[in-house]
file structure05.cif (mmCIF, C-alpha atoms and all ligand atoms)
data_query
#
loop_
_atom_site.label_atom_id
_atom_site.label_comp_id
_atom_site.auth_asym_id
_atom_site.auth_seq_id
_atom_site.Cartn_x
_atom_site.Cartn_y
_atom_site.Cartn_z
CA MET A 256 -10.46 -15.58 20.28
CA THR A 257 -9.85 -12.09 18.85
CA ASP A 258 -10.87 -10.91 15.38
CA ALA A 259 -7.75 -8.71 15.13
CA TYR A 260 -5.59 -9.06 12.04
CA LEU A 261 -2.70 -7.18 13.64
CA GLU A 262 -2.13 -6.75 17.37
CA THR A 263 0.61 -5.20 19.42
CA VAL A 264 1.08 -6.86 22.78
CA ASP A 265 2.58 -4.80 25.58
CA LEU A 266 4.85 -3.18 23.02
CA ALA A 267 7.74 -0.93 24.06
CA CYS A 268 10.25 0.89 21.90
CA GLU A 269 13.45 2.51 23.05
CA ARG A 270 15.78 4.27 20.64
CA ASP A 271 19.10 5.84 21.52
CA TRP A 272 18.40 5.16 25.21
CA ARG A 273 15.13 7.09 24.98
CA LEU A 274 11.84 5.35 25.73
CA LEU A 275 9.36 6.31 23.01
CA PHE A 276 6.39 4.26 24.19
CA GLU A 277 5.62 1.25 26.34
CA HIS A 278 2.70 -1.06 27.19
CA LEU A 279 1.19 -0.30 23.81
CA GLN A 280 -1.85 -2.42 22.97
CA VAL A 281 -3.18 -1.69 19.50
CA SER A 282 -5.41 -3.87 17.43
CA VAL A 283 -6.34 -3.58 13.77
CA LYS A 284 -9.15 -5.59 12.29
CA PRO A 285 -10.72 -5.75 8.81
CA LYS A 286 -12.14 -2.37 7.66
CA ASP A 287 -10.05 -0.37 10.16
CA MET A 288 -8.17 2.79 9.32
CA LEU A 289 -5.76 3.80 12.08
CA GLN A 290 -3.82 7.02 11.96
CA ILE A 291 -0.75 7.18 14.19
CA SER A 292 -0.25 10.80 15.10
CA GLY A 293 2.02 12.77 17.42
CA PRO A 294 4.77 15.35 17.31
CA ASN A 295 8.07 14.93 15.44
CA GLY A 296 10.20 12.31 17.13
CA SER A 297 7.32 10.76 19.13
CA GLY A 298 7.88 7.37 17.48
CA LYS A 299 5.31 7.15 14.67
CA THR A 300 7.72 5.76 12.07
CA SER A 301 9.26 3.51 14.71
CA LEU A 302 5.83 2.05 15.52
CA LEU A 303 5.03 1.45 11.83
CA ARG A 304 8.41 -0.24 11.34
CA LEU A 305 7.72 -2.49 14.33
CA MET A 306 4.29 -3.37 12.93
CA SER A 307 5.91 -4.23 9.59
CA GLY A 308 8.64 -6.39 11.10
CA LEU A 309 11.38 -4.00 10.00
CA MET A 310 12.51 -3.39 13.59
CA ARG A 311 12.45 -5.51 16.70
CA PRO A 312 10.65 -4.23 19.81
CA THR A 313 12.47 -3.49 23.04
CA THR A 314 9.84 -5.62 24.76
CA GLY A 315 6.47 -7.00 23.74
CA ASP A 316 5.38 -8.45 20.44
CA VAL A 317 3.49 -7.81 17.22
CA LEU A 318 1.07 -10.52 16.11
CA ILE A 319 -0.37 -10.93 12.66
CA LYS A 320 -3.33 -13.30 12.49
CA GLY A 321 -2.46 -14.34 16.03
CA ILE A 322 1.14 -15.35 15.22
CA SER A 323 4.26 -13.45 16.27
CA ILE A 324 5.82 -11.55 13.40
CA GLU A 325 9.12 -13.20 14.35
CA GLN A 326 7.72 -16.57 13.37
CA GLN A 327 6.50 -15.49 9.96
CA ARG A 328 9.30 -13.42 8.48
CA ASN A 329 9.18 -15.32 5.18
CA GLU A 330 5.46 -14.71 4.73
CA LEU A 331 5.25 -11.10 5.86
CA ALA A 332 5.04 -9.68 2.33
CA HIS A 333 1.96 -11.83 1.77
CA ASN A 334 0.32 -10.42 4.88
CA LEU A 335 1.18 -6.73 4.70
CA LEU A 336 2.29 -4.02 2.34
CA TRP A 337 4.83 -1.53 3.68
CA LEU A 338 5.42 1.84 2.10
CA GLY A 339 8.04 3.98 3.79
CA HIS A 340 8.30 7.75 3.82
CA ALA A 341 10.68 7.71 0.85
CA ALA A 342 9.17 6.85 -2.54
CA GLY A 343 10.75 3.40 -2.26
CA ILE A 344 11.69 2.99 -5.89
CA LYS A 345 14.95 2.57 -7.83
CA GLY A 346 15.88 5.62 -9.92
CA LEU A 347 17.61 3.67 -12.67
CA LEU A 348 14.62 1.42 -13.29
CA THR A 349 11.59 2.49 -15.27
CA ALA A 350 8.19 2.92 -13.64
CA GLU A 351 7.10 -0.43 -15.10
CA GLU A 352 10.27 -2.22 -13.93
CA ASN A 353 9.92 -0.80 -10.43
CA LEU A 354 6.34 -1.96 -10.17
CA THR A 355 7.17 -5.37 -11.59
CA TRP A 356 9.60 -6.19 -8.81
CA LEU A 357 7.51 -4.49 -6.11
CA ALA A 358 4.48 -6.53 -7.21
CA ALA A 359 6.60 -9.69 -7.10
CA LEU A 360 7.00 -9.13 -3.34
CA HIS A 361 3.28 -9.78 -3.02
CA ASN A 362 1.13 -11.59 -5.59
CA GLY A 363 2.85 -10.53 -8.82
CA ALA A 364 1.15 -8.64 -11.64
CA SER A 365 0.86 -8.86 -15.41
CA ARG A 366 2.19 -6.11 -17.67
CA GLU A 367 -1.38 -5.04 -18.37
CA GLN A 368 -2.18 -4.78 -14.65
CA ILE A 369 0.96 -2.72 -14.10
CA TRP A 370 0.08 -0.33 -16.89
CA GLN A 371 -3.45 -0.01 -15.49
CA ALA A 372 -2.05 0.75 -12.03
CA LEU A 373 0.27 3.41 -13.46
CA ALA A 374 -2.65 4.91 -15.37
CA ALA A 375 -4.69 4.93 -12.14
CA VAL A 376 -2.06 7.17 -10.51
CA GLY A 377 -1.88 9.47 -13.54
CA LEU A 378 1.30 8.03 -15.07
CA ALA A 379 0.00 6.78 -18.40
CA GLY A 380 2.74 7.52 -20.94
CA PHE A 381 5.50 7.34 -18.29
CA GLU A 382 5.71 3.53 -18.09
CA ASP A 383 9.14 3.21 -19.70
CA VAL A 384 10.74 6.34 -18.27
CA PRO A 385 13.66 5.87 -15.81
CA CYS A 386 12.32 7.00 -12.48
CA HIS A 387 15.20 9.36 -11.67
CA THR A 388 13.88 11.60 -14.46
CA LEU A 389 10.44 11.87 -12.81
CA SER A 390 9.44 14.62 -10.41
CA ALA A 391 9.21 13.92 -6.66
CA GLY A 392 5.41 13.67 -6.83
CA GLN A 393 5.57 11.37 -9.86
CA GLN A 394 8.10 9.14 -8.09
CA ARG A 395 5.78 8.98 -5.12
CA ARG A 396 2.95 8.00 -7.48
CA VAL A 397 5.01 5.10 -8.86
CA GLY A 398 5.34 3.71 -5.32
CA LEU A 399 1.64 4.30 -4.64
CA ALA A 400 0.64 2.46 -7.83
CA ARG A 401 1.25 -0.70 -5.78
CA LEU A 402 -2.01 0.09 -4.02
CA TYR A 403 -3.82 -0.46 -7.32
CA LEU A 404 -2.44 -4.00 -7.78
CA ASP A 405 -3.39 -7.22 -6.05
CA ALA A 406 -1.87 -6.41 -2.65
CA PRO A 407 -2.19 -7.80 0.90
CA ALA A 408 -5.18 -6.60 2.93
CA LEU A 409 -3.08 -4.63 5.44
CA TRP A 410 -1.37 -1.48 4.17
CA ILE A 411 1.17 0.22 6.46
CA LEU A 412 1.96 3.63 5.02
CA ASP A 413 4.42 6.19 6.37
CA GLU A 414 3.52 9.71 5.19
CA PRO A 415 1.92 8.51 1.91
CA PHE A 416 0.68 12.01 0.96
CA THR A 417 4.18 13.53 0.80
CA ALA A 418 4.88 15.40 -2.47
CA LEU A 419 1.40 14.74 -3.90
CA ASP A 420 -0.63 17.57 -5.43
CA LYS A 421 -4.13 18.41 -4.18
CA ASP A 422 -6.02 16.16 -6.61
CA ALA A 423 -3.69 13.24 -5.98
CA VAL A 424 -4.19 13.66 -2.22
CA THR A 425 -7.97 13.54 -2.65
CA GLN A 426 -7.73 10.51 -4.91
CA LEU A 427 -5.46 8.66 -2.48
CA GLU A 428 -7.70 9.48 0.49
CA LYS A 429 -10.68 8.04 -1.39
CA HIS A 430 -8.73 4.96 -2.43
CA LEU A 431 -7.67 4.27 1.16
CA ALA A 432 -11.23 4.72 2.44
CA GLU A 433 -12.55 2.42 -0.28
CA HIS A 434 -9.94 -0.21 0.59
CA CYS A 435 -11.18 -0.16 4.20
CA ASN A 436 -14.83 -0.20 3.18
CA ASN A 437 -14.04 -3.32 1.13
CA GLY A 438 -12.62 -5.11 4.17
CA GLY A 439 -8.98 -4.00 3.91
CA MET A 440 -6.96 -2.21 6.60
CA VAL A 441 -4.79 0.89 6.60
CA VAL A 442 -2.37 2.03 9.30
CA LEU A 443 -0.74 5.31 8.40
CA THR A 444 1.07 8.37 9.61
CA THR A 445 0.50 11.78 8.15
CA HIS A 446 0.82 15.37 9.28
CA HIS A 447 -1.91 16.23 6.77
CA PRO A 448 -5.54 16.32 8.04
CA ILE A 449 -7.40 13.52 6.22
CA GLN A 450 -10.74 14.66 4.77
CA ASN A 451 -12.17 11.37 3.45
CA VAL A 452 -12.18 8.75 6.17
CA PRO A 453 -14.15 5.52 6.57
CA SER A 454 -16.52 5.20 9.54
CA THR A 455 -13.95 2.96 11.22
CA PHE A 456 -11.31 5.70 11.32
CA ARG A 457 -9.38 5.94 14.61
CA GLU A 458 -6.41 7.93 15.75
CA LEU A 459 -3.65 6.95 18.14
CA ASP A 460 -1.73 9.97 19.39
CA LEU A 461 1.73 8.92 20.55
CA GLY A 462 2.14 12.37 22.06
CA GLN A 463 -0.54 11.37 24.60
CA VAL A 464 0.84 7.95 25.53
CA ALA A 465 1.94 8.06 29.16
CA LEU A 466 5.44 6.90 30.01
CA SER A 467 6.35 5.54 33.44
N1 LIG A 501 18.02 5.09 12.90
C1 LIG A 501 17.86 5.58 14.14
N2 LIG A 501 18.76 5.32 15.10
C2 LIG A 501 18.60 5.81 16.34
N3 LIG A 501 17.55 6.57 16.73
C3 LIG A 501 16.65 6.84 15.81
C4 LIG A 501 16.73 6.37 14.47
N4 LIG A 501 15.65 6.79 13.78
C5 LIG A 501 14.93 7.52 14.65
N5 LIG A 501 15.51 7.54 15.86
C6 LIG A 501 15.02 8.24 17.04
O1 LIG A 501 13.77 7.71 17.41
C7 LIG A 501 12.89 8.75 17.79
C8 LIG A 501 11.57 8.58 17.05
O2 LIG A 501 11.79 8.68 15.66
P1 LIG A 501 10.61 8.41 14.63
O3 LIG A 501 11.20 8.56 13.28
O4 LIG A 501 9.96 7.13 14.98
O5 LIG A 501 9.62 9.61 14.99
P2 LIG A 501 8.37 10.20 14.21
O6 LIG A 501 7.28 10.37 15.22
O7 LIG A 501 8.05 9.34 13.03
O8 LIG A 501 8.90 11.61 13.74
P3 LIG A 501 8.54 12.55 12.49
O9 LIG A 501 7.17 13.16 12.75
O10 LIG A 501 9.61 13.58 12.55
O11 LIG A 501 8.60 11.72 11.24
C9 LIG A 501 13.59 10.07 17.51
O12 LIG A 501 13.99 10.61 18.75
C10 LIG A 501 14.79 9.70 16.69
O13 LIG A 501 15.92 10.46 17.06
#

call {"tool": "encode", "arguments": {"input": "structure05.cif", "output": "structure tokens"}}
result
Amino acid sequence: MTDAYLETVDLACERDWRLLFEHLQVSVKPKDMLQISGPNGSGKTSLLRLMSGLMRPTTGDVLIKGISIEQQRNELAHNLLWLGHAAGIKGLLTAEENLTWLAALHNGASREQIWQALAAVGLAGFEDVPCHTLSAGQQRRVGLARLYLDAPALWILDEPFTALDKDAVTQLEKHLAEHCNNGGMVVLTTHHPIQNVPSTFRELDLGQVALS
């Protein structure tokens, strides 16, 4: 019996007839922070999308709590939070409206909780502003405010630091480390060197994965 929350089993990914990785065995358990690194095009986003059930593997499987992701498509949003490399919000909706429907994917949130989450990412006063009028960094913050609501334990984040200023980067790093220290899990990609990491931090370099 394994204590892994997420496991990849003999995972392979081929895109456009190019093999990106194969035989990949990765396991993520409570408190883990795993950074997927590697050069552009090495398959970092592809791996995160496989782990989130947004793509199907060429071969192999992804298990969450020991069950294939294929068999739990309807429950995935209760088991993991996915944040892609775009801000992931709708420009015509306000910050509050965006967070309301994003929170509904997971455990839902009250108006007060949403306002608190927006305040936590420095957006107090911007709750009812249509998001297309916000700056790139502010739009990114709206998406990241999800991490201050009642969210699943596993966060899968593709380039979460993009467009953030220095203070926001530091704050997010600390928040991610705290989440792991509290028993949560983070799998992320970033080209930015992370300064604040939990003791469980590990790196998987896809540039070093041997291909047959
Ligand atoms: N939608 C797609 N259709 C076909 N091939 C794709 C698609 N998206 C990416 N690829 C290919 O898959 C490979 C890996 O892409 P991926 O985005 O996973 O890399 P990455 O390591 O995240 O890169 P980066 O550091 O530039 O973000 C690339 O060679 C890319 O051309």

call {"tool": "residues_near_ligand", "arguments": {"input": "structure05.cif", "ligand": "ligand LIG 501 (chain A)", "cutoff": "12 Å", "atoms": "all atoms listed in the file", "output": "mmCIF file with C-alpha atoms, in the frame of the given file"}}
result
data_model
loop_
_atom_site.group_PDB
_atom_site.id
_atom_site.type_symbol
_atom_site.label_atom_id
_atom_site.label_comp_id
_atom_site.auth_asym_id
_atom_site.auth_seq_id
_atom_site.Cartn_x
_atom_site.Cartn_y
_atom_site.Cartn_z
ATOM 1 C CA CYS A 268 10.250 0.890 21.900
ATOM 2 C CA GLU A 269 13.450 2.510 23.050
ATOM 3 C CA ARG A 270 15.780 4.270 20.640
ATOM 4 C CA ASP A 271 19.100 5.840 21.520
ATOM 5 C CA TRP A 272 18.400 5.160 25.210
ATOM 6 C CA ARG A 273 15.130 7.090 24.980
ATOM 7 C CA LEU A 274 11.840 5.350 25.730
ATOM 8 C CA LEU A 275 9.360 6.310 23.010
ATOM 9 C CA PHE A 276 6.390 4.260 24.190
ATOM 10 C CA ILE A 291 -0.750 7.180 14.190
ATOM 11 C CA SER A 292 -0.250 10.800 15.100
ATOM 12 C CA GLY A 293 2.020 12.770 17.420
ATOM 13 C CA PRO A 294 4.770 15.350 17.310
ATOM 14 C CA ASN A 295 8.070 14.930 15.440
ATOM 15 C CA GLY A 296 10.200 12.310 17.130
ATOM 16 C CA SER A 297 7.320 10.760 19.130
ATOM 17 C CA GLY A 298 7.880 7.370 17.480
ATOM 18 C CA LYS A 299 5.310 7.150 14.670
ATOM 19 C CA THR A 300 7.720 5.760 12.070
ATOM 20 C CA SER A 301 9.260 3.510 14.710
ATOM 21 C CA LEU A 302 5.830 2.050 15.520
ATOM 22 C CA LEU A 303 5.030 1.450 11.830
ATOM 23 C CA ARG A 304 8.410 -0.240 11.340
ATOM 24 C CA LEU A 305 7.720 -2.490 14.330
ATOM 25 C CA LEU A 309 11.380 -4.000 10.000
ATOM 26 C CA MET A 310 12.510 -3.390 13.590
ATOM 27 C CA GLY A 339 8.040 3.980 3.790
ATOM 28 C CA HIS A 340 8.300 7.750 3.820
ATOM 29 C CA ALA A 341 10.680 7.710 0.850
ATOM 30 C CA LEU A 412 1.960 3.630 5.020
ATOM 31 C CA ASP A 413 4.420 6.190 6.370
ATOM 32 C CA GLU A 414 3.520 9.710 5.190
ATOM 33 C CA PRO A 415 1.920 8.510 1.910
ATOM 34 C CA THR A 417 4.180 13.530 0.800
ATOM 35 C CA LEU A 443 -0.740 5.310 8.400
ATOM 36 C CA THR A 444 1.070 8.370 9.610
ATOM 37 C CA THR A 445 0.500 11.780 8.150
ATOM 38 C CA HIS A 446 0.820 15.370 9.280
ATOM 39 C CA HIS A 447 -1.910 16.230 6.770
ATOM 40 C CA LEU A 459 -3.650 6.950 18.140
ATOM 41 C CA ASP A 460 -1.730 9.970 19.390
ATOM 42 C CA LEU A 461 1.730 8.920 20.550
ATOM 43 C CA GLY A 462 2.140 12.370 22.060
#

call {"tool": "atom_distance", "arguments": {"input": "structure05.cif", "atom1": "CA of Gln290 (chain A)", "atom2": "CA of Ile411 (chain A)"}}
result
10.1 Å

call {"tool": "atom_distance", "arguments": {"input": "structure05.cif", "atom1": "CA of Leu419 (chain A)", "atom2": "CA of His333 (chain A)"}}
result
27.2 Å

call {"tool": "residues_around", "arguments": {"input": "structure05.cif", "residues": "Ala408 (chain A)", "least_positions_apart": "2", "cutoff": "8 Å", "atoms": "only C-alpha atoms", "output": "ChimeraX atom specification"}}
result
/A:334-336,406,410,438-440

call {"tool": "atom_distance", "arguments": {"input": "structure05.cif", "atom1": "CA of Gln326 (chain A)", "atom2": "CA of Ala358 (chain A)"}}
result
23.1 Å

call {"tool": "residues_around", "arguments": {"input": "structure05.cif", "residues": "Glu433 (chain A)", "least_positions_apart": "4", "cutoff": "12 Å", "atoms": "only C-alpha atoms", "output": "list in words"}}
result
Lys286, Asp287, Met288, Leu402, Tyr403, Gln426, Leu427, Glu428, Lys429, Asn437, Gly438, Gly439, Met440, Val441, Asn451, Val452, Pro453, Ser454 and Thr455 of chain A

call {"tool": "closest_residue", "arguments": {"input": "structure05.cif", "among": "A:Glu325, A:Ser307, A:Leu409, A:Asp420", "to": "Ser390 (chain A)", "atoms": "only C-alpha atoms"}}
result
A:Asp420

call {"tool": "residues_around", "arguments": {"input": "structure05.cif", "residues": "Arg396 (chain A)", "least_positions_apart": "4", "cutoff": "7 Å", "atoms": "only C-alpha atoms", "output": "PDB file with C-alpha atoms, keeping the file's coordinate frame"}}
result
ATOM      1  CA  VAL A 376      -2.060   7.170 -10.510  1.00  0.00           C
ATOM      2  CA  GLY A 392       5.410  13.670  -6.830  1.00  0.00           C
ATOM      3  CA  ALA A 400       0.640   2.460  -7.830  1.00  0.00           C
TER       4      ALA A 400
END

call {"tool": "closest_residue", "arguments": {"input": "structure05.cif", "among": "A:Arg457, A:Arg311, A:His361, A:His278", "to": "Trp337 (chain A)", "atoms": "all atoms listed in the file"}}
result
A:His361

call {"tool": "closest_residue", "arguments": {"input": "structure05.cif", "among": "A:Leu261, A:Leu399, A:Cys435, A:Leu347", "to": "Cys386 (chain A)", "atoms": "only C-alpha atoms"}}
result
A:Leu347

call {"tool": "closest_residue", "arguments": {"input": "structure05.cif", "among": "A:Leu431, A:Val384, A:Val281, A:Ala332", "to": "Thr349 (chain A)", "atoms": "all atoms listed in the file"}}
result
A:Val384

call {"tool": "residues_around", "arguments": {"input": "structure05.cif", "residues": "Thr314 (chain A)", "least_positions_apart": "2", "cutoff": "7 Å", "atoms": "only C-alpha atoms", "output": "ChimeraX atom specification"}}
result
/A:266-267,312,316

call {"tool": "residues_near_point", "arguments": {"input": "structure05.cif", "point": "(10.7, 3.4, -14.2)", "cutoff": "9 Å", "atoms": "all atoms listed in the file", "output": "list in words"}}
result
Ile344, Lys345, Gly346, Leu347, Leu348, Thr349, Ala350, Glu351, Glu352, Asn353, Leu354, Phe381, Glu382, Asp383, Val384, Pro385, Cys386, His387, Thr388, Leu389, Gln394 and Val397 of chain A
